[in-house]
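> Hey, dropping work-v3.tsv in here, TSV, C-alpha atoms:
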chain	number	residue	atom	x	y	z
A	1274	MET	CA	0.00	0.00	0.00
A	1275	LEU	CA	2.84	2.36	0.89
A	1276	PHE	CA	4.54	1.81	-2.44
A	1277	ALA	CA	1.34	2.51	-4.34
A	1278	LEU	CA	0.92	5.85	-2.56
A	1279	LEU	CA	4.59	6.85	-2.68
A	1280	PRO	CA	4.51	8.41	-6.19
A	1281	LEU	CA	1.29	10.26	-5.43
A	1282	PHE	CA	2.40	11.69	-2.08
A	1283	SER	CA	5.78	12.73	-3.48
A	1284	ILE	CA	4.14	14.48	-6.46
A	1285	GLY	CA	5.80	12.00	-8.81
A	1286	PHE	CA	9.38	12.42	-7.62
A	1287	LEU	CA	9.60	8.93	-6.06
A	1288	THR	CA	7.93	6.97	-8.85
A	1289	TRP	CA	11.24	5.27	-9.55
A	1290	ALA	CA	11.25	3.82	-5.99
A	1291	THR	CA	7.90	2.14	-6.58
A	1292	MET	CA	9.14	0.72	-9.85
A	1293	LEU	CA	12.37	-0.42	-8.19
A	1294	ARG	CA	10.38	-2.42	-5.64
A	1295	LEU	CA	8.30	-3.96	-8.41
A	1296	ALA	CA	11.41	-4.91	-10.39
A	1297	VAL	CA	13.00	-6.51	-7.33
A	1298	VAL	CA	9.86	-8.48	-6.47
A	1299	THR	CA	8.97	-9.70	-9.97
A	1300	ARG	CA	12.56	-10.01	-11.28
A	1301	ARG	CA	11.40	-9.33	-14.82
A	1302	ALA	CA	13.56	-7.49	-17.33
A	1303	LEU	CA	10.60	-5.37	-18.45
A	1304	ASP	CA	10.11	-4.04	-14.93
A	1305	TRP	CA	13.80	-3.13	-14.66
A	1306	VAL	CA	13.59	-1.25	-17.97
A	1307	LEU	CA	10.43	0.56	-16.83
A	1308	CYS	CA	12.12	1.46	-13.54
A	1309	GLY	CA	14.95	3.11	-15.45
A	1310	PHE	CA	12.47	4.81	-17.77
A	1311	SER	CA	10.44	6.25	-14.89
A	1312	GLY	CA	13.64	7.58	-13.31
A	1313	ALA	CA	14.69	9.13	-16.63
A	1314	VAL	CA	11.28	10.79	-17.07
A	1315	MET	CA	11.48	12.23	-13.56
A	1316	VAL	CA	15.01	13.60	-14.14
A	1317	THR	CA	13.93	15.03	-17.52
A	1318	GLY	CA	10.98	16.75	-15.86
A	1319	LEU	CA	13.29	18.29	-13.26
A	1320	LEU	CA	15.78	19.44	-15.90
A	1321	LEU	CA	13.01	21.03	-17.98
A	1322	MET	CA	11.67	22.94	-14.97
A	1323	PRO	CA	12.58	26.62	-15.40
A	1324	ASP	CA	13.15	29.14	-12.63
A	1325	ASP	CA	9.93	30.92	-13.51
A	1326	ILE	CA	7.04	28.54	-12.84
A	1327	GLU	CA	4.53	30.73	-14.71
A	1328	THR	CA	5.66	29.50	-18.14
A	1329	THR	CA	4.42	26.86	-20.52
A	1330	GLN	CA	7.72	24.99	-20.13
A	1331	ALA	CA	7.07	24.61	-16.38
A	1332	ASP	CA	3.57	23.32	-17.11
A	1333	VAL	CA	4.94	20.75	-19.55
A	1334	ALA	CA	7.67	19.62	-17.12
A	1335	MET	CA	5.25	19.22	-14.20
A	1336	SER	CA	2.70	17.45	-16.41
A	1337	LEU	CA	5.40	15.03	-17.48
A	1338	VAL	CA	6.26	14.21	-13.85
A	1339	LEU	CA	2.59	13.87	-12.78
A	1340	ILE	CA	1.60	11.71	-15.78
A	1341	ASN	CA	4.64	9.54	-15.03
A	1342	ALA	CA	3.44	9.14	-11.43
A	1343	ALA	CA	-0.15	8.30	-12.39
A	1344	ALA	CA	0.78	5.85	-15.15
A	1345	PHE	CA	3.34	3.93	-13.15
A	1346	THR	CA	1.12	3.82	-10.05
A	1347	VAL	CA	-1.59	2.10	-12.11
A	1348	TYR	CA	1.00	-0.21	-13.68
A	1349	PHE	CA	2.44	-1.03	-10.24
A	1350	LEU	CA	-0.97	-1.93	-8.80
A	1351	VAL	CA	-1.94	-4.12	-11.77
A	1352	VAL	CA	1.34	-6.04	-11.88
A	1353	ASP	CA	1.68	-6.38	-8.08
A	1354	ILE	CA	-1.85	-7.75	-7.67
A	1355	ARG	CA	-1.35	-10.15	-10.58
A	1356	HIS	CA	1.99	-11.29	-9.15
A	1357	ASP	CA	0.40	-12.04	-5.75
A	1358	ARG	CA	-2.46	-13.98	-7.35
A	1359	LEU	CA	0.01	-16.11	-9.32
A	1360	ARG	CA	1.96	-16.86	-6.15
A	1361	VAL	CA	-1.21	-17.95	-4.33
A	1362	ARG	CA	-2.21	-20.22	-7.22
A	1363	ALA	CA	1.27	-21.77	-7.11
A	1364	GLY	CA	0.71	-22.67	-3.47
A	1365	ALA	CA	2.75	-19.91	-1.84
A	1366	PRO	CA	1.24	-17.77	0.91
A	1367	PRO	CA	-0.07	-14.38	-0.29
A	1368	TYR	CA	2.45	-12.56	1.92
A	1369	PRO	CA	6.05	-13.40	2.75
A	1370	PRO	CA	6.24	-15.96	5.55
A	1371	TYR	CA	7.26	-14.55	8.90
A	1372	ALA	CA	8.68	-16.41	11.87
A	1373	THR	CA	5.73	-17.35	14.03
A	1374	THR	CA	7.63	-19.34	16.63
A	1375	VAL	CA	9.59	-17.99	19.54
A	1376	PRO	CA	13.35	-18.40	19.10
A	1377	GLN	CA	14.83	-21.05	21.37
A	1378	HIS	CA	17.25	-18.67	23.04
A	1379	GLN	CA	14.45	-16.88	24.89
A	1380	ALA	CA	13.82	-17.88	28.46
A	1381	GLY	CA	11.02	-20.34	29.04
A	1382	TYR	CA	10.74	-21.54	25.48
A	1383	VAL	CA	9.49	-25.09	25.15
A	1384	PRO	CA	9.24	-26.53	21.64
A	1385	PRO	CA	5.63	-27.55	20.94
A	1386	ALA	CA	6.45	-31.15	19.98
A	1387	THR	CA	8.41	-32.02	23.11
A	1388	THR	CA	7.39	-32.63	26.68
A	1389	PRO	CA	8.86	-30.42	29.38
A	1390	THR	CA	11.53	-31.79	31.64
A	1391	PRO	CA	11.53	-30.68	35.26
A	1392	THR	CA	14.20	-28.10	35.92
A	1393	PRO	CA	15.30	-26.76	39.26
A	1394	TYR	CA	13.87	-23.32	39.90
A	1395	PRO	CA	15.72	-20.65	41.79
A	1396	GLN	CA	14.27	-20.63	45.26
A	1397	PRO	CA	13.57	-17.29	46.90
A	1398	ARG	CA	15.68	-16.46	49.91
A	1399	HIS	CA	14.04	-16.73	53.29
A	1400	THR	CA	15.04	-14.67	56.25
A	1401	PRO	CA	13.50	-15.26	59.62
A	1402	PRO	CA	11.00	-12.54	60.52
A	1403	THR	CA	12.28	-9.91	62.93
A	1404	PRO	CA	10.04	-8.21	65.46
A	1405	SER	CA	9.61	-5.23	63.13
A	1406	GLN	CA	9.00	-7.49	60.15
A	1407	PRO	CA	5.64	-9.26	59.84
A	1408	ALA	CA	5.54	-12.96	59.03
A	1409	LEU	CA	5.32	-13.62	55.31
A	1410	PRO	CA	2.75	-15.87	53.69
A	1411	PRO	CA	3.96	-19.35	52.77
A	1412	GLN	CA	6.33	-19.36	49.80
A	1413	PRO	CA	5.85	-21.63	46.77
A	1414	GLN	CA	8.32	-24.25	48.00
A	1415	ASP	CA	6.40	-24.41	51.33
A	1416	ARG	CA	3.21	-25.38	49.51
A	1417	PRO	CA	2.50	-28.99	48.65
A	1418	GLN	CA	3.81	-29.77	45.19
A	1419	GLN	CA	1.12	-30.33	42.59
A	1420	GLN	CA	1.46	-32.46	39.53
A	1421	PRO	CA	1.77	-30.40	36.36
A	1422	HIS	CA	-1.51	-30.26	34.50
A	1423	ALA	CA	-0.30	-28.71	31.31
A	1424	GLN	CA	2.87	-28.48	29.33
A	1425	GLY	CA	3.58	-24.91	30.40
A	1426	SER	CA	2.77	-25.32	34.10
A	1427	HIS	CA	6.44	-25.47	35.11
A	1428	ARG	CA	6.92	-22.03	33.60
A	1429	ILE	CA	3.94	-20.75	35.58
A	1430	ASP	CA	5.47	-22.14	38.77
A	1431	GLN	CA	8.78	-20.46	37.95
A	1432	VAL	CA	7.09	-17.11	37.34
A	1433	ARG	CA	5.08	-17.52	40.55
A	1434	ALA	CA	8.28	-18.14	42.53
A	1435	GLU	CA	9.97	-15.12	40.99
A	1436	LEU	CA	6.95	-12.93	41.75
A	1437	ASP	CA	6.91	-14.13	45.35
A	1438	GLU	CA	10.59	-13.28	45.71
A	1439	LEU	CA	10.00	-9.84	44.20
A	1440	SER	CA	7.06	-9.27	46.54
A	1441	HIS	CA	9.26	-10.21	49.49
A	1442	LEU	CA	11.95	-7.73	48.38
A	1443	LEU	CA	9.39	-4.96	47.92
A	1444	ARG	CA	7.99	-5.51	51.39
A	1445	LYS	CA	11.51	-5.28	52.76
A	1446	ASP	CA	12.05	-1.94	51.00
A	1447	GLU	CA	8.75	-0.53	52.27
A	1448	GLU	CA	9.75	-1.24	55.87
A	1449	LYS	CA	13.04	0.60	55.59
Output the file's structure in the form of structure tokens.

Amino acid sequence: MLFALLPLFSIGFLTWATMLRLAVVTRRALDWVLCGFSGAVMVTGLLLMPDDIETTQADVAMSLVLINAAAFTVYFLVVDIRHDRLRVRAGAPPYPPYATTVPQHQAGYVPPATTPTPTPYPQPRHTPPTPSQPALPPQPQDRPQQQPHAQGSHRIDQVRAELDELSHLLRKDEEK
């Protein structure tokens, strides 16, 4: 959509960029030739533009640039839509495929086809309550261990333990 509007919003000066994208995507010689032609028409229009814009020469130069923009915008839309339809008929997705899975280097990633293996979780530190410090609620390791119900339950337990530790640290800071 952006490439279709680029020549119109730039008053024809970036028509060559739209044609360059089309030539790169379709890889056809005709599109490369038309890309060069649209750039040449734009440069010619700029060279023909006189200092005084109230002349017929200025009107001709600007008309050349604007007709170039309109014609190649229509050509771009027709060829780009046709190119996408041909890709879909060939079995390719209508848009470029993007990575939809989380990379394995991120914390907590479990590949969908495998079963999780129990891993030791960092246990929050416990300090005995002092007279000025109220007793804390039971921590996750003090609770009876439950069997995991789902594949991602170990991650939930890990997050719960980390949140409990953070809560403990925040309470400590509030008392100071």
> Suppose you want the space between CA of Val1314 in chain A and CA of Ile1284 in chain A; what is it in Å?
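Those two atoms sit 13.3 Å apart.
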> For Pro1280 in chain A, please output as a list in words all residues within 10 Å (counting all atoms listed in the file; exclusion window: fewer than 2 positions along the same chain).
Leu1275, Phe1276, Ala1277, Leu1278, Phe1282, Ser1283, Ile1284, Gly1285, Phe1286, Leu1287, Thr1288, Trp1289, Ala1290, Thr1291, Met1292, Val1338, Leu1339, Asn1341, Ala1342, Ala1343, Phe1345 and Thr1346 of chain A
> Got a sec: who's within 8 Å of Asp1304 in chain A, counting only C-alpha atoms, leaving out chain neighbours fewer than 6 positions off, as JSON, numbers by chain?
{"A": [1292, 1293, 1295, 1296]}
> Rounded to one decimal place, report the CA of Val1352 in chain A-CA of Leu1279 in chain A distance in Å.
16.2 Å
> So how many Å separate CA of Lys1445 in chain A and CA of Arg1428 in chain A, to one decimal?
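Value for the CA of Lys1445 in chain A-CA of Arg1428 in chain A distance: 25.9 Å.
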> I need the residue nearest Arg1300 in chain A from this list: A:His1356, A:Leu1319, A:Leu1350, A:Met1335. Use only C-alpha atoms for the distance.
A:His1356
> So which one's closest to Asp1357 in chain A, A:Ala1434, A:Ser1336, A:Val1298, A:Ile1429? Using only C-alpha atoms, please.
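Distance minimum relative to Asp1357 in chain A lands on A:Val1298.
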